Every structure is written in structure tokens, then in C-alpha cells.
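Since the structure comes first, as C-alpha cells, the remarks are kept for the end.
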Amino acid sequence: METRDFELLIGRNIIEKYRADRHRPAVFALAGLEWDLLDEVWPPTYSPGGELFAGRIPFDRMSSFLEMGCGTGIMSVLAARAGVERVLGLDINPAAVRNTELNARRHAVADRVTARESDLYSAVGPDERFDGIYWNPPFLNAPEDSVDTSIWDETMFDPEYAKLRRFLAEGRELLTPRGKAYLWFGEALGNPALVADLAEETGYDLGVLAKTEMAEIPEALADAFPADLVGGDSEDGEDAAWHLHLLELRPRQA
Ligand SMILES: C[S@@+](CC[C@H](N)C(=O)[O-])C[C@H]1O[C@@H](n2cnc3c(N)ncnc32)[C@H](O)[C@@H]1O
């Protein structure tokens with residue numbers, strides 16, 4: 001199977017599994033706190049993201065932070081709790097905007113966290129600039145003619161990493177002089193070589209802030225994957241592993 005068809009298959013399986021899940025919690029625990037989860041919002045319970053390493057992002061040196069694709073808004077809330085004065089969560093999914101607002105209220109940071117419906121940076125004001133910009137992006141590179149504009153396809157797929165390219169290129173213009181971009185990215189499913197190419201093309205130096213190697217696919221997702229990938233050995237005899245990275249992208253000076 002072509003790699004991109006494989007990514008399409010995995011993404012579709014994850015979406016189906018989520019939709020059929022009758023035990024989806026309305027409130028879940030992550031990073032030592034409880035969070036509201038609305039229907040039609042990516043559930044971090046299935047596959048926790050960069051929030052596990054939020055402590056590695058230097059929020060103490062930021063006064064402003066933008067979370068792209070904020071989903072439940074965990075990273076936005078953690079940034080505000082760490083002292084960032086102005087946090088903006090953006091998501092193309094209106095339910096994610098409501099979910100981020102709910103969690104900002106739940107954790108008493110609604111005065112510092114704003115959420116807006118936005119296609120990438122479309123809802124950012126002309127004078128808004130940020131010390132940090134972060135995304136846990138849709139990193140399945142499925143064929144473009146196989147995906148649609150439904151909320152779930154937007155959450156899972158990014159054909160040819162067109163969105164990621166715009167996230168980096170347009171985000172560069174929204175950073176303050178000391179600003180940096182941060183990205184949560186997978187190695188087993190995502191394509192790290194393509195991310196490195198995109199960083200080069202859009203003018204960033206790339207570093208790895210944190211890396212986790214999960215020996216097993218998260219239980220909640222296990223049956224979304226073909227049996228030979230879950231717990232089995234890969235063709236070269238190595239156990240299948242998920243490598244997930246929190247990347248820091250520092251804009252190169254002209
Ligand atoms: C993998 S989920 C991550 C959600 C959340 N940040 C987390 O870590 O749990 C990707 C998020 O990006 C959002 N997204 C996808 N395309 C987008 C776009 N063009 N503009 C803004 N948000 C987008 C999705 O709606 C989804 O909430």
C-alpha cells in the first residue's frame with residue numbers, strides 16, 4: 001500500500017473509532033488537571049499531545065501566545081496558568097472554540113484566554129503579534145482527492161502538508177522579534193523529513209525540545225492500526241514505535 005493511502009486508512013479508522021465510542025468522557029484528566037470535552041472536538045484522551053511537555057515551552061519568557069487548532073484548549077490554558085498574559089486559541093472548528101472557552105473558565109483564566117473560529121490565521125488582527133505560536137497539527141498526509149472539509153477530516157489530514165506550510169510561513173510574520181514557533185509532531189505516521197524541508201523553505205532553524213518514544217500504540221487507538229503494526233515486529237525486525245517530538249522553530253534572521 002502507498003504510504004499516503006496507509007495514512008488515509010489509519011485516519012479513517014481513528015475517526016470511525018471515535019464516532020462509535022459510547023464511553024467518551026465529558027470530562028477527562030490530563031497534565032494533572034480536569035478538562036471538559038465537547039462532542040466533535042479532537043479528544044486528547046486518545047493520543048495526548050504536546051501538553052505532556054508544556055513545561056518545556058518557555059512560557060515564562062512570553063507575554064503573548066497563539067495556539068493554532070486549539071481543540072479543547074489545553075495548551076492555551078496551560079500557557080495562561082504559567083503566566084502568559086495574552087493567549088489566543090484559534091480553530092476552524094466552532095465546537096473547539098466553545099470548548100477552549102469552557103476550559104479557560106474552568107481554570108479561571110478566561111480573562112487571559114480568547115478563542116476565535118479561524119481558518120489558520122484568518123481571525124488574527126492586523127496588529128497582533130506573539131512571542132510563541134504552537135500547533136499539534138493534523139499530520140496525516142493523505143491524498144488530496146480523498147479528503148473533504150468535514151471537521152474530522154480537517155482534524156486528521158493535511159495533504160502535502162499545505163496547512164503546515166502556511167502555518168509556518170504566515171506565522172513567521174506574526175512573531176515578535178524574540179518569538180518562536182512550536183510544533184508537536186509524530187514520526188511513525190507523520191513525515192519528519194517533510195517538516196525539516198518546510199522549516200528550511202520557510203526560514204526556520206529546527207530544534208527538538210522534547211521527544212517521547214512510545215513502545216506501544218495508545219490502547220484507545222490500538223484497533224485503528226493494522227495488526228502487524230500493533231505490538232508486532234516491523235519488516236526489519238524492530239518493534240514498531242511511535243516517536244513524538246516537541247519541535248522548536250527559531251526564525252532565521254535575514
Ligand atoms: C490534532 S488536533 C489538535 C487539537 C488540540 N490542540 C490538542 O492537542 O488536543 C488538530 C486541530 O487543528 C484544527 N485545525 C485543522 N485545520 C485547521 C485550520 N485550517 N485552521 C485552524 N485550525 C485547524 C482541528 O480542528 C483540530 O482541533
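Letters A, B, ... go to the chains of the C-alpha cells in the order shown; residues in each chain start at 1; ligands are counted from 1 in the same order.
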
Contacts between region 45-65 of chain A and region 118-225 of chain A, please, where a residue of region 118-225 of chain A counts if it comes within 10 Å (with only C-alpha atoms); show its shortest atom pair and distance in Å to one decimal, rows by chain and ascending number, as a tab-separated table.
```
residue	atom	partner	partner_atom	distance
A:Glu128	CA	A:Ser64	CA	9.4
A:Arg129	CA	A:Ser64	CA	7.6
A:Phe130	CA	A:Ser64	CA	5.0
A:Asp131	CA	A:Ser64	CA	5.3
A:Gly132	CA	A:Phe65	CA	4.8
A:Ile133	CA	A:Phe65	CA	5.8
A:Tyr134	CA	A:Phe65	CA	7.9
A:Trp135	CA	A:Gly50	CA	8.6
A:Asn136	CA	A:Gly49	CA	6.7
A:Pro137	CA	A:Gly49	CA	9.8
A:Leu175	CA	A:Phe65	CA	9.5
A:Thr176	CA	A:Ser64	CA	9.3
A:Arg178	CA	A:Met62	CA	9.0
A:Gly179	CA	A:Met62	CA	8.3
A:Lys180	CA	A:Phe65	CA	9.9
A:Ala181	CA	A:Phe65	CA	9.8
A:Tyr182	CA	A:Ile57	CA	8.1
A:Leu183	CA	A:Gly50	CA	7.9
A:Trp184	CA	A:Gly50	CA	5.4
A:Phe185	CA	A:Gly50	CA	8.5
A:Gly186	CA	A:Gly49	CA	9.6
A:Leu209	CA	A:Arg56	CA	6.7
A:Ala210	CA	A:Phe53	CA	7.0
A:Lys211	CA	A:Phe53	CA	9.0
A:Thr212	CA	A:Phe53	CA	9.5
A:Ile217	CA	A:Ser47	CA	9.0
A:Pro218	CA	A:Ser47	CA	6.6
A:Glu219	CA	A:Tyr46	CA	8.1
A:Ala220	CA	A:Tyr46	CA	5.5
A:Leu221	CA	A:Tyr46	CA	6.4
A:Ala222	CA	A:Tyr46	CA	9.9
```

Do a neighbour search on region 3-10 of chain A at 6 Å with only C-alpha atoms, toss out local chain neighbours closer than 3 positions, and write the hits as a list in words. Asn13, Leu140, Asn141 and Ala142 of chain A

All heavy atoms of the current selection, written as a PDB file, in the first residue's frame:
```
ATOM      1  N   ASN A  13      -9.848   5.099  10.187  1.00  0.00           N
ATOM      2  CA  ASN A  13     -10.117   4.164  11.283  1.00  0.00           C
ATOM      3  C   ASN A  13     -10.231   4.904  12.618  1.00  0.00           C
ATOM      4  O   ASN A  13     -11.091   4.588  13.441  1.00  0.00           O
ATOM      5  CB  ASN A  13      -9.005   3.111  11.381  1.00  0.00           C
ATOM      6  CG  ASN A  13      -9.094   2.078  10.285  1.00  0.00           C
ATOM      7  OD1 ASN A  13     -10.063   2.058   9.532  1.00  0.00           O
ATOM      8  ND2 ASN A  13      -8.088   1.240  10.174  1.00  0.00           N
ATOM      9  N   LEU A 140      -1.460  13.658   9.079  1.00  0.00           N
ATOM     10  CA  LEU A 140      -1.582  12.541   8.145  1.00  0.00           C
ATOM     11  C   LEU A 140      -1.664  13.093   6.717  1.00  0.00           C
ATOM     12  O   LEU A 140      -2.579  13.843   6.378  1.00  0.00           O
ATOM     13  CB  LEU A 140      -2.809  11.695   8.483  1.00  0.00           C
ATOM     14  CG  LEU A 140      -2.732  10.975   9.839  1.00  0.00           C
ATOM     15  CD1 LEU A 140      -4.028  10.240  10.133  1.00  0.00           C
ATOM     16  CD2 LEU A 140      -1.554  10.015   9.880  1.00  0.00           C
ATOM     17  N   ASN A 141      -0.683  12.705   5.928  1.00  0.00           N
ATOM     18  CA  ASN A 141      -0.548  13.242   4.569  1.00  0.00           C
ATOM     19  C   ASN A 141      -1.318  12.359   3.584  1.00  0.00           C
ATOM     20  O   ASN A 141      -0.737  11.632   2.798  1.00  0.00           O
ATOM     21  CB  ASN A 141       0.957  13.286   4.232  1.00  0.00           C
ATOM     22  CG  ASN A 141       1.238  13.795   2.840  1.00  0.00           C
ATOM     23  OD1 ASN A 141       0.357  14.343   2.168  1.00  0.00           O
ATOM     24  ND2 ASN A 141       2.464  13.612   2.387  1.00  0.00           N
ATOM     25  N   ALA A 142      -2.660  12.436   3.667  1.00  0.00           N
ATOM     26  CA  ALA A 142      -3.499  11.592   2.799  1.00  0.00           C
ATOM     27  C   ALA A 142      -3.628  12.242   1.411  1.00  0.00           C
ATOM     28  O   ALA A 142      -3.397  13.439   1.260  1.00  0.00           O
ATOM     29  CB  ALA A 142      -4.883  11.443   3.439  1.00  0.00           C
TER      30      ALA A 142
END
```

Helix (DSSP H, G or I) positions in region 94-222 of chain A, given as a ChimeraX atom specification: /A:94-106,144-146,151-156,159-172,192-202,219-222

List as a VMD selection string the protein and nucleic acid residues lying within 6 Å of ligand 1, with only C-alpha atoms and all ligand atoms counted. chain A and resid 42 44 49 68 to 72 90 to 93 118 to 120 136 to 138 154 to 155

Let's have the selection written as a short mmCIF file (atom, residue, chain, number, x, y, z; two decimals), in the first residue's frame, with all heavy atoms.
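Final file, selection_24.cif:
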```cif
data_model
loop_
_atom_site.label_atom_id
_atom_site.label_comp_id
_atom_site.auth_asym_id
_atom_site.auth_seq_id
_atom_site.Cartn_x
_atom_site.Cartn_y
_atom_site.Cartn_z
N TRP A 42 -11.48 17.07 18.85
CA TRP A 42 -10.44 16.04 18.97
C TRP A 42 -10.20 15.71 20.45
O TRP A 42 -9.91 16.60 21.25
CB TRP A 42 -9.14 16.51 18.33
CG TRP A 42 -7.98 15.62 18.69
CD1 TRP A 42 -6.97 15.89 19.56
CD2 TRP A 42 -7.75 14.28 18.21
NE1 TRP A 42 -6.11 14.81 19.65
CE2 TRP A 42 -6.58 13.79 18.82
CE3 TRP A 42 -8.44 13.44 17.32
CZ2 TRP A 42 -6.07 12.52 18.58
CZ3 TRP A 42 -7.92 12.18 17.08
CH2 TRP A 42 -6.75 11.74 17.70
N PRO A 44 -8.06 14.52 23.36
CA PRO A 44 -6.66 14.25 23.72
C PRO A 44 -6.51 12.97 24.54
O PRO A 44 -5.41 12.44 24.67
CB PRO A 44 -6.24 15.47 24.55
CG PRO A 44 -7.22 16.52 24.20
CD PRO A 44 -8.50 15.81 23.88
N GLY A 49 -1.01 15.04 23.42
CA GLY A 49 -0.06 15.75 22.55
C GLY A 49 0.98 16.52 23.34
O GLY A 49 1.40 16.12 24.44
N MET A 68 -2.62 27.40 17.62
CA MET A 68 -3.38 27.04 16.41
C MET A 68 -4.11 25.72 16.68
O MET A 68 -3.59 24.86 17.39
CB MET A 68 -2.42 26.89 15.23
CG MET A 68 -3.10 26.60 13.92
SD MET A 68 -4.25 27.89 13.41
CE MET A 68 -3.13 29.22 13.03
N GLY A 69 -5.31 25.56 16.11
CA GLY A 69 -6.06 24.31 16.25
C GLY A 69 -6.19 23.93 17.71
O GLY A 69 -5.83 22.83 18.12
N CYS A 70 -6.79 24.82 18.51
CA CYS A 70 -6.72 24.68 19.98
C CYS A 70 -7.53 23.50 20.51
O CYS A 70 -7.27 23.04 21.63
CB CYS A 70 -7.13 25.98 20.66
SG CYS A 70 -8.66 26.69 20.03
N GLY A 71 -8.49 22.97 19.75
CA GLY A 71 -9.25 21.80 20.23
C GLY A 71 -9.89 22.08 21.58
O GLY A 71 -10.70 23.00 21.73
N THR A 72 -9.54 21.28 22.58
CA THR A 72 -10.10 21.50 23.92
C THR A 72 -9.44 22.69 24.63
O THR A 72 -9.89 23.08 25.71
CB THR A 72 -9.90 20.25 24.79
OG1 THR A 72 -8.53 19.89 24.75
CG2 THR A 72 -10.75 19.09 24.32
N LEU A 90 -7.03 29.46 18.34
CA LEU A 90 -7.73 29.52 17.05
C LEU A 90 -8.10 28.12 16.61
O LEU A 90 -7.30 27.19 16.76
CB LEU A 90 -6.82 30.14 15.97
CG LEU A 90 -6.29 31.54 16.21
CD1 LEU A 90 -5.33 31.92 15.07
CD2 LEU A 90 -7.43 32.56 16.30
N ASP A 91 -9.28 27.97 16.03
CA ASP A 91 -9.63 26.66 15.46
C ASP A 91 -10.67 26.85 14.37
O ASP A 91 -11.55 27.70 14.48
CB ASP A 91 -10.16 25.70 16.54
CG ASP A 91 -9.90 24.24 16.17
OD1 ASP A 91 -10.46 23.77 15.16
OD2 ASP A 91 -9.11 23.58 16.87
N ILE A 92 -10.55 26.03 13.34
CA ILE A 92 -11.51 26.08 12.24
C ILE A 92 -12.84 25.47 12.68
O ILE A 92 -13.87 25.68 12.05
CB ILE A 92 -10.91 25.32 11.02
CG1 ILE A 92 -11.62 25.71 9.73
CG2 ILE A 92 -10.91 23.81 11.25
CD1 ILE A 92 -10.87 25.26 8.48
N ASN A 93 -12.81 24.75 13.79
CA ASN A 93 -13.98 24.04 14.31
C ASN A 93 -14.65 24.89 15.40
O ASN A 93 -14.07 25.12 16.46
CB ASN A 93 -13.49 22.70 14.88
CG ASN A 93 -14.61 21.88 15.51
OD1 ASN A 93 -15.76 22.31 15.56
ND2 ASN A 93 -14.25 20.71 16.00
N SER A 118 -11.33 30.27 13.19
CA SER A 118 -10.36 30.83 12.26
C SER A 118 -9.84 29.74 11.33
O SER A 118 -9.55 28.63 11.78
CB SER A 118 -9.19 31.40 13.09
OG SER A 118 -8.27 32.11 12.30
N ASP A 119 -9.70 30.04 10.06
CA ASP A 119 -9.00 29.13 9.15
C ASP A 119 -7.55 29.58 9.15
O ASP A 119 -7.21 30.65 8.64
CB ASP A 119 -9.62 29.24 7.75
CG ASP A 119 -8.95 28.27 6.77
OD1 ASP A 119 -8.03 27.52 7.18
OD2 ASP A 119 -9.33 28.28 5.59
N LEU A 120 -6.70 28.79 9.76
CA LEU A 120 -5.33 29.21 10.08
C LEU A 120 -5.39 30.60 10.72
O LEU A 120 -6.08 30.77 11.70
CB LEU A 120 -4.43 29.11 8.84
CG LEU A 120 -4.14 27.64 8.47
CD1 LEU A 120 -3.49 27.54 7.09
CD2 LEU A 120 -3.29 26.94 9.50
N ASN A 136 -0.48 21.45 17.45
CA ASN A 136 -0.49 19.99 17.33
C ASN A 136 -1.31 19.73 16.07
O ASN A 136 -2.53 19.67 16.11
CB ASN A 136 -1.16 19.37 18.57
CG ASN A 136 -1.44 17.89 18.40
OD1 ASN A 136 -1.02 17.26 17.44
ND2 ASN A 136 -2.18 17.33 19.35
N PRO A 137 -0.63 19.64 14.93
CA PRO A 137 -1.37 19.73 13.65
C PRO A 137 -1.93 18.39 13.20
O PRO A 137 -1.55 17.33 13.71
CB PRO A 137 -0.25 20.15 12.68
CG PRO A 137 0.97 19.48 13.21
CD PRO A 137 0.81 19.44 14.73
N PRO A 138 -2.83 18.44 12.19
CA PRO A 138 -3.24 17.19 11.55
C PRO A 138 -2.04 16.72 10.71
O PRO A 138 -1.69 17.40 9.77
CB PRO A 138 -4.39 17.62 10.63
CG PRO A 138 -4.49 19.10 10.70
CD PRO A 138 -3.40 19.64 11.55
N GLU A 154 -10.56 17.65 8.59
CA GLU A 154 -9.68 18.79 8.88
C GLU A 154 -8.77 18.48 10.06
O GLU A 154 -7.63 18.90 10.12
CB GLU A 154 -10.51 20.06 9.20
CG GLU A 154 -11.32 20.63 8.05
CD GLU A 154 -10.49 21.39 7.03
OE1 GLU A 154 -9.26 21.37 7.11
OE2 GLU A 154 -11.11 22.01 6.14
N THR A 155 -9.30 17.71 11.01
CA THR A 155 -8.52 17.39 12.22
C THR A 155 -7.42 16.37 11.95
O THR A 155 -6.35 16.42 12.56
CB THR A 155 -9.47 16.86 13.33
OG1 THR A 155 -10.34 17.92 13.69
CG2 THR A 155 -8.72 16.40 14.55
#
```
